[in-house]
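**Q** Structure file run-v8.cif (mmCIF, C-alpha atoms) right here:
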```cif
data_structure
loop_
_atom_site.label_atom_id
_atom_site.label_comp_id
_atom_site.auth_asym_id
_atom_site.auth_seq_id
_atom_site.Cartn_x
_atom_site.Cartn_y
_atom_site.Cartn_z
CA MET A 196 34.73 2.29 -18.64
CA ARG A 197 37.96 3.33 -16.93
CA SER A 198 39.02 -0.29 -16.58
CA ARG A 199 38.26 -0.97 -20.25
CA ILE A 200 40.34 2.02 -21.33
CA LEU A 201 43.27 0.97 -19.18
CA LYS A 202 43.03 -2.57 -20.52
CA ASN A 203 42.73 -1.57 -24.19
CA VAL A 204 45.08 1.40 -24.32
CA GLY A 205 47.46 0.52 -21.49
CA SER A 206 50.61 2.62 -21.28
CA GLY A 207 49.48 4.42 -24.45
CA CYS A 208 47.20 6.56 -22.25
CA THR A 209 50.19 8.77 -21.44
CA PHE A 210 50.72 9.36 -25.15
CA LEU A 211 47.03 10.17 -25.80
CA MET A 212 46.84 12.55 -22.86
CA LYS A 213 49.02 15.00 -24.77
CA SER A 214 46.25 15.53 -27.34
CA ILE A 215 43.31 14.62 -25.06
CA PRO A 216 43.95 16.37 -21.70
CA GLY A 217 40.50 15.38 -20.44
CA LEU A 218 41.54 11.73 -20.52
CA GLN A 219 43.85 12.27 -17.56
CA THR A 220 41.05 13.91 -15.58
CA PHE A 221 38.67 11.07 -16.45
CA LEU A 222 41.08 8.31 -15.40
CA GLU A 223 41.91 10.22 -12.18
CA GLU A 224 44.05 8.10 -9.85
CA CYS A 225 43.43 4.87 -11.74
CA TYR A 226 46.38 5.47 -14.02
CA VAL A 227 50.03 6.08 -13.22
CA GLU A 228 51.75 8.12 -15.91
CA ASN A 229 54.65 6.38 -17.65
CA THR A 230 57.74 7.73 -19.36
CA GLU A 231 57.25 7.98 -23.13
CA THR A 232 59.73 6.68 -25.68
CA ALA A 233 60.65 9.06 -28.49
CA PHE A 234 59.42 8.15 -31.98
CA SER A 235 59.91 9.58 -35.45
CA PRO A 236 57.17 11.96 -36.69
CA THR A 237 55.71 9.29 -39.00
CA ALA A 238 55.76 6.61 -36.29
CA THR A 239 54.23 9.07 -33.81
CA GLU A 240 51.32 9.81 -36.15
CA GLN A 241 50.68 6.12 -36.82
CA ARG A 242 50.82 5.32 -33.10
CA TRP A 243 48.39 8.12 -32.32
CA LYS A 244 45.90 6.78 -34.88
CA TYR A 245 46.25 3.23 -33.55
CA LEU A 246 45.78 4.23 -29.90
CA LEU A 247 42.84 6.48 -30.75
CA CYS A 248 41.07 3.49 -32.33
CA LYS A 249 41.81 1.48 -29.19
CA LEU A 250 40.30 4.27 -27.08
CA VAL A 251 37.12 4.39 -29.20
CA ALA A 252 36.82 0.59 -29.00
CA ALA A 253 37.07 0.79 -25.22
CA THR A 254 34.40 3.48 -24.83
CA SER A 255 31.70 1.75 -26.90
CA ASN A 256 29.93 -1.44 -25.85
CA GLU A 257 26.53 -3.09 -25.96
CA ASP A 258 25.33 -1.41 -22.75
CA CYS A 259 26.63 2.02 -23.76
CA PRO A 260 26.77 2.49 -27.56
CA LEU A 261 28.80 5.38 -28.92
CA VAL A 262 27.65 7.90 -31.55
CA LEU A 263 30.29 10.04 -33.26
CA PHE A 264 28.96 13.04 -35.20
CA LEU A 265 31.38 15.17 -37.22
CA ASP A 266 30.20 18.14 -39.29
CA ASP A 267 31.93 19.93 -42.19
CA LEU A 268 34.09 17.00 -43.28
CA GLN A 269 34.94 18.95 -46.44
CA TRP A 270 37.33 21.00 -44.31
CA ALA A 271 39.07 18.01 -42.69
CA ASP A 272 42.73 17.35 -43.51
CA GLU A 273 44.11 14.06 -44.81
CA THR A 274 45.20 12.86 -41.36
CA SER A 275 41.76 13.44 -39.83
CA LEU A 276 40.04 11.67 -42.73
CA ASP A 277 42.41 8.73 -42.36
CA VAL A 278 41.56 8.52 -38.66
CA ILE A 279 37.87 8.38 -39.56
CA ARG A 280 38.58 5.59 -42.05
CA MET A 281 40.46 3.60 -39.41
CA ILE A 282 37.70 4.04 -36.82
CA VAL A 283 34.94 3.04 -39.24
CA THR A 284 36.78 -0.01 -40.60
CA ASP A 285 38.41 -1.28 -37.38
CA PRO A 286 36.85 -4.71 -36.62
CA ASP A 287 37.52 -4.26 -32.89
CA ILE A 288 35.25 -1.19 -32.73
CA ARG A 289 31.67 -2.34 -32.21
CA TYR A 290 28.42 -0.67 -31.11
CA CYS A 291 29.62 2.59 -32.63
CA LEU A 292 27.58 4.71 -35.05
CA PHE A 293 29.53 7.25 -37.08
CA ILE A 294 27.67 10.16 -38.71
CA GLY A 295 29.55 12.50 -41.01
CA VAL A 296 28.26 15.59 -42.79
CA HIS A 297 29.89 17.39 -45.70
CA ARG A 298 29.05 19.87 -48.43
CA ASP A 299 29.38 18.70 -52.01
CA ASN A 300 29.79 22.15 -53.60
CA GLN A 301 33.55 22.42 -53.01
CA SER A 302 35.36 20.32 -55.63
CA SER A 303 38.81 19.80 -54.05
CA SER A 304 37.41 19.14 -50.56
CA THR A 305 34.61 16.95 -51.90
CA ASN A 306 37.14 14.77 -53.73
CA ARG A 307 38.90 14.02 -50.43
CA VAL A 308 35.65 12.95 -48.83
CA LYS A 309 34.74 10.80 -51.84
CA LYS A 310 38.16 9.17 -51.62
CA LEU A 311 37.45 8.41 -47.96
CA LEU A 312 34.08 6.82 -48.75
CA HIS A 313 35.60 4.78 -51.56
CA GLY A 314 38.32 3.50 -49.22
CA ILE A 315 35.71 2.50 -46.64
CA GLN A 316 33.72 0.59 -49.27
CA GLU A 317 36.83 -1.20 -50.50
CA GLN A 318 37.34 -2.61 -47.01
CA GLY A 319 33.85 -4.12 -47.07
CA VAL A 320 32.12 -1.63 -44.78
CA SER A 321 28.69 -0.49 -45.94
CA PHE A 322 27.24 2.93 -45.20
CA MET A 323 24.12 4.93 -45.96
CA ALA A 324 24.40 8.17 -47.91
CA MET A 325 21.66 10.77 -47.53
CA ARG A 326 21.41 14.01 -49.47
CA ILE A 327 19.90 16.76 -47.34
CA GLY A 328 18.44 19.62 -49.34
CA PRO A 329 16.44 22.74 -48.45
CA ILE A 330 13.41 22.45 -46.18
CA GLU A 331 10.13 22.17 -48.08
CA LYS A 332 7.39 24.76 -47.60
CA GLU A 333 5.10 22.27 -45.86
CA SER A 334 7.83 21.43 -43.34
CA ILE A 335 8.51 25.12 -42.71
CA ASN A 336 4.81 25.59 -42.02
CA THR A 337 4.90 22.72 -39.50
CA ILE A 338 7.97 24.22 -37.79
CA LEU A 339 6.29 27.63 -37.52
CA SER A 340 3.05 26.08 -36.25
CA GLU A 341 4.84 24.20 -33.47
CA THR A 342 7.17 27.10 -32.60
CA LEU A 343 4.50 29.81 -32.49
CA CYS A 344 1.79 27.50 -31.10
CA LEU A 345 -0.58 28.47 -33.91
CA PRO A 346 -2.82 26.30 -36.13
CA PRO A 347 -1.04 25.34 -39.39
CA ARG A 348 -3.58 27.22 -41.53
CA LEU A 349 -2.75 30.51 -39.76
CA CYS A 350 0.95 30.03 -40.43
CA GLN A 351 0.62 29.37 -44.15
CA PRO A 352 0.97 33.03 -45.27
CA LEU A 353 4.13 33.39 -43.16
CA SER A 354 5.64 30.06 -44.22
CA THR A 355 5.06 30.89 -47.89
CA ILE A 356 6.94 34.19 -47.59
CA ILE A 357 9.79 32.67 -45.54
CA HIS A 358 10.23 29.80 -48.00
CA SER A 359 10.36 32.16 -50.98
CA LYS A 360 12.89 34.48 -49.32
CA THR A 361 15.20 31.90 -47.70
CA GLY A 362 14.92 29.05 -50.19
CA GLY A 363 14.30 26.66 -47.31
CA ILE A 364 17.90 26.88 -46.01
CA ALA A 365 17.61 26.06 -42.29
CA LEU A 366 20.21 28.51 -40.92
CA PHE A 367 18.97 31.25 -43.23
CA MET A 368 15.38 30.64 -42.14
CA LEU A 369 16.14 30.72 -38.39
CA ASP A 370 18.20 33.88 -38.71
CA PHE A 371 15.46 35.50 -40.80
CA LEU A 372 12.89 34.71 -38.10
CA LYS A 373 15.10 36.33 -35.46
CA SER A 374 15.41 39.46 -37.58
CA LEU A 375 11.59 39.62 -37.88
CA LYS A 376 11.29 39.54 -34.10
CA GLU A 377 13.98 42.22 -33.68
CA GLU A 378 12.34 44.53 -36.23
CA GLY A 379 8.85 44.16 -34.74
CA LEU A 380 7.41 42.27 -37.69
CA LEU A 381 6.79 39.24 -35.48
CA TRP A 382 5.50 39.80 -31.96
CA PHE A 383 3.45 38.31 -29.14
CA ASP A 384 0.04 40.00 -28.96
CA LEU A 385 -1.04 40.27 -25.32
CA SER A 386 -4.64 41.08 -26.22
CA SER A 387 -5.14 37.90 -28.25
CA ARG A 388 -2.53 35.97 -26.23
CA ARG A 389 -0.83 34.53 -29.28
CA TRP A 390 1.91 35.33 -31.77
CA ALA A 391 1.11 37.72 -34.59
CA PHE A 392 2.99 38.92 -37.67
CA ASP A 393 2.87 41.66 -40.28
CA THR A 394 2.51 39.78 -43.56
CA ARG A 395 2.85 42.88 -45.77
CA GLY A 396 5.84 44.17 -43.88
CA ILE A 397 7.61 40.80 -44.03
CA ASP A 398 6.84 40.43 -47.73
CA ALA A 399 8.30 43.87 -48.41
CA LYS A 400 11.43 43.16 -46.38
CA GLU A 401 14.52 42.96 -48.57
CA ILE A 402 16.87 40.07 -47.92
CA SER A 403 20.22 39.13 -49.43
CA ASP A 404 20.53 35.94 -51.43
CA ASP A 405 23.90 35.35 -49.78
CA LEU A 406 23.74 33.84 -46.29
CA VAL A 407 27.09 35.27 -45.18
CA GLU A 408 26.10 38.77 -46.33
CA HIS A 409 22.77 38.47 -44.51
CA ILE A 410 24.39 37.44 -41.21
CA SER A 411 27.07 40.14 -41.62
CA LYS A 412 24.38 42.82 -41.98
CA ARG A 413 22.67 41.48 -38.88
CA MET A 414 25.95 41.76 -36.96
CA THR A 415 26.34 45.43 -37.95
CA ARG A 416 23.02 46.19 -36.24
CA LEU A 417 24.42 45.07 -32.89
CA PRO A 418 25.58 47.68 -30.32
CA HIS A 419 29.14 48.96 -30.79
CA GLY A 420 30.41 47.26 -27.63
CA MET A 421 28.97 43.95 -28.76
CA GLN A 422 30.63 44.27 -32.16
CA SER A 423 33.99 45.05 -30.57
CA GLY A 424 33.65 42.03 -28.30
CA LEU A 425 32.90 39.78 -31.26
CA LYS A 426 35.93 41.08 -33.21
CA ILE A 427 38.30 40.33 -30.34
CA SER A 428 36.62 36.96 -29.69
CA ALA A 429 37.08 35.94 -33.32
CA CYS A 430 40.83 36.54 -32.98
CA LEU A 431 41.09 34.40 -29.84
CA GLY A 432 39.62 31.22 -31.33
CA SER A 433 36.78 28.94 -30.26
CA SER A 434 37.78 28.66 -26.58
CA PHE A 435 39.18 31.32 -24.27
CA SER A 436 38.80 32.74 -20.78
CA ALA A 437 36.97 35.91 -19.83
CA GLY A 438 40.26 37.28 -18.49
CA THR A 439 41.96 36.78 -21.85
CA LEU A 440 39.10 38.57 -23.58
CA GLN A 441 39.39 41.50 -21.15
CA LYS A 442 43.10 41.90 -21.98
CA GLY A 443 42.16 42.48 -25.62
CA PHE A 444 40.64 45.86 -24.76
CA SER A 445 42.74 48.92 -24.07
CA ARG A 446 39.93 50.69 -22.27
CA ASN A 447 38.54 49.65 -18.89
CA ASP A 448 34.89 50.40 -19.58
CA PHE A 449 34.28 47.10 -21.43
CA ASP A 450 31.91 45.01 -19.30
CA ILE A 451 32.66 41.31 -19.84
CA ASP A 452 29.59 40.12 -17.95
CA GLU A 453 27.29 42.38 -19.96
CA PHE A 454 28.88 41.22 -23.22
CA LEU A 455 28.45 37.54 -22.36
CA ARG A 456 24.88 38.06 -21.17
CA PHE A 457 23.92 40.01 -24.30
CA SER A 458 25.62 37.47 -26.60
CA ILE A 459 23.54 34.69 -25.08
CA GLU A 460 20.33 36.67 -25.52
CA VAL A 461 20.95 37.35 -29.22
CA GLY A 462 22.16 33.81 -29.88
CA VAL A 463 25.78 34.58 -30.81
CA THR A 464 26.89 31.75 -28.52
CA ARG A 465 25.96 29.37 -31.34
CA PHE A 466 29.32 30.33 -32.83
CA ILE A 467 31.40 31.11 -29.74
CA HIS A 468 32.28 28.88 -26.79
CA PHE A 469 33.19 30.79 -23.66
CA VAL A 470 35.30 29.45 -20.82
CA ALA A 471 34.85 30.97 -17.38
#
```
Rewrite the coordinates I just gave you, this time as structure tokens.
**A**
Amino acid sequence: MRSRILKNVGSGCTFLMKSIPGLQTFLEECYVENTETAFSPTATEQRWKYLLCKLVAATSNEDCPLVLFLDDLQWADETSLDVIRMIVTDPDIRYCLFIGVHRDNQSSSTNRVKKLLHGIQEQGVSFMAMRIGPIEKESINTILSETLCLPPRLCQPLSTIIHSKTGGIALFMLDFLKSLKEEGLLWFDLSSRRWAFDTRGIDAKEISDDLVEHISKRMTRLPHGMQSGLKISACLGSSFSAGTLQKGFSRNDFDIDEFLRFSIEVGVTRFIHFVA
């Protein structure tokens, strides 16, 4: 793959390394960095798009197909969407499957995505559109049966309640299940050696119709130190070092290791990426 990248991208690797630092590490000693010529902002953007397509073309082949999955396209800017269009329509890029996900309930953002799809179609590239809705009750029952290792018929009362309270929204459902475990409404019974649940207690449990409000309430139940760690982490972005996080606290009693360990246990690391 290194040889293909060097052949396809050539001296442009130096240019791409500015936005893709890992490329330099991957090429190691196979590439000698060259001096870059200065370009205008518009020419720089166009060159970056062109070279990125060359890089994608070099990394995908018949023996090693490439799958690109991008979520939340409704939040992508015009430049990013144009890059996607170029990658999908570039005839030199083969053995590459692109999967994009977007929400269609945000008018201005949805229009940009629709414009992208229309542009792709105009260039003769076909694609498959799939609308993904809430999970059906039967599917929830199957998920619970496989997760709890219980016969489907024993999970039906629980799946019925969960479907009615979460509307079949996957993230809502998973978070609701975690809250049941934390509140003792779902537990592993050592005497019967299987999972058990309090149907009446779960049915009586109040739950917000708003997913953000529900997750926010769950966050407020975390220990004070954990909440403080999350607040500082949110200000630092998606990637930061433990040392940087430590500097965000004026007191010295904040235990970084304990915070990271606890965050993994409660599943907060779904939203935060930590760098050692």
**Q** With only C-alpha atoms as the atoms that count, which of A:Ala324, A:Ile357, A:Ser214, A:Leu385 lies nearest to Glu401 in chain A?
**A**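 Residue with the minimum atom-to-atom distance to Glu401 in chain A: A:Ile357.
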**Q** Please expand the PyMOL selection byres ((chain A and resi 249) around 12) into the concrete residues it hits in this file, giving the result as a ChimeraX atom specification.
**A** /A:199-208,211,242-248,250-255,278,281-282,285-289
**Q** Apply the PyMOL selection byres ((chain A and resi 454) around 10) to the displayed file and report the matching residues as a PyMOL selection string.
**A** chain A and resi 420-425+449-453+455-460
**Q** Suppose we keep C-alpha atoms; can you now write the selection as a compact mmCIF listing (two decimals), in the coordinates of the input?
**A**
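As a result, part29.txt now contains:
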```txt
# COMPACT_ATOMS: atom_id res chain seq x y z
CA GLY A 420 30.41 47.26 -27.63
CA MET A 421 28.97 43.95 -28.76
CA GLN A 422 30.63 44.27 -32.16
CA SER A 423 33.99 45.05 -30.57
CA GLY A 424 33.65 42.03 -28.30
CA LEU A 425 32.90 39.78 -31.26
CA PHE A 449 34.28 47.10 -21.43
CA ASP A 450 31.91 45.01 -19.30
CA ILE A 451 32.66 41.31 -19.84
CA ASP A 452 29.59 40.12 -17.95
CA GLU A 453 27.29 42.38 -19.96
CA LEU A 455 28.45 37.54 -22.36
CA ARG A 456 24.88 38.06 -21.17
CA PHE A 457 23.92 40.01 -24.30
CA SER A 458 25.62 37.47 -26.60
CA ILE A 459 23.54 34.69 -25.08
CA GLU A 460 20.33 36.67 -25.52
```
**Q** Residues within 10 Å of Leu349 in chain A, please, as a list in words. Count all atoms listed in the file; anything in the same chain fewer than 3 positions from it doesn't count.
**A**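 Contacts, in chain order: Asn336, Leu339, Ser340, Leu345, Pro346, Pro352, Leu353, Ser354 and Ala391 of chain A.
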**Q** Give me the result of the PyMOL selection byres ((chain A and resi 334) around 12) on this file, residue by residue, as a list in words.
**A**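 After applying the PyMOL selection byres ((chain A and resi 334) around 12), what remains is Pro329, Ile330, Glu331, Lys332, Glu333, Ile335, Asn336, Thr337, Ile338, Leu339, Ser340, Glu341, Pro347, Cys350, Gln351, Ser354, Thr355, Ile357, His358, Gly363, Ile364, Ala365 and Met368 of chain A.
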**Q** Applying 9 Å and only C-alpha atoms, which residues near Leu268 in chain A remain after dropping the ones on its own chain fewer than 3 positions away? List them as a list in words.
**A**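 Close residues of Leu268 in chain A: Leu265, Ala271, Asp272, Leu276, Gly295, Val296, His297, Arg298, Ser304, Thr305 and Val308 of chain A.
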**Q** Between CA of Ile356 in chain A and CA of Asp398 in chain A, what is the distance, to one decimal in Å?
**A** 6.2 Å
**Q** For Gly314 in chain A, which of A:Glu378, A:Asp277, A:Asp266, A:Asp299 is the closest residue, counting all atoms listed in the file?
**A** A:Asp277
**Q** Which is closer to Arg388 in chain A than all the others in A:Ile327, A:Phe210, A:Leu417, A:Cys344, using all atoms listed in the file?
**A** A:Cys344
**Q** Could you tell me how far CA of Gln241 in chain A sits from CA of Leu263 in chain A, in Å to one decimal place?
**A**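 Separation of CA of Leu263 in chain A and CA of Gln241 in chain A: 21.1 Å.
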**Q** Could you pull the residues within 10 Å of Trp382 in chain A, counting all atoms listed in the file, minus those fewer than 5 positions along the same chain, as a VMD selection string?
**A** chain A and resid 375 to 377 389 to 393
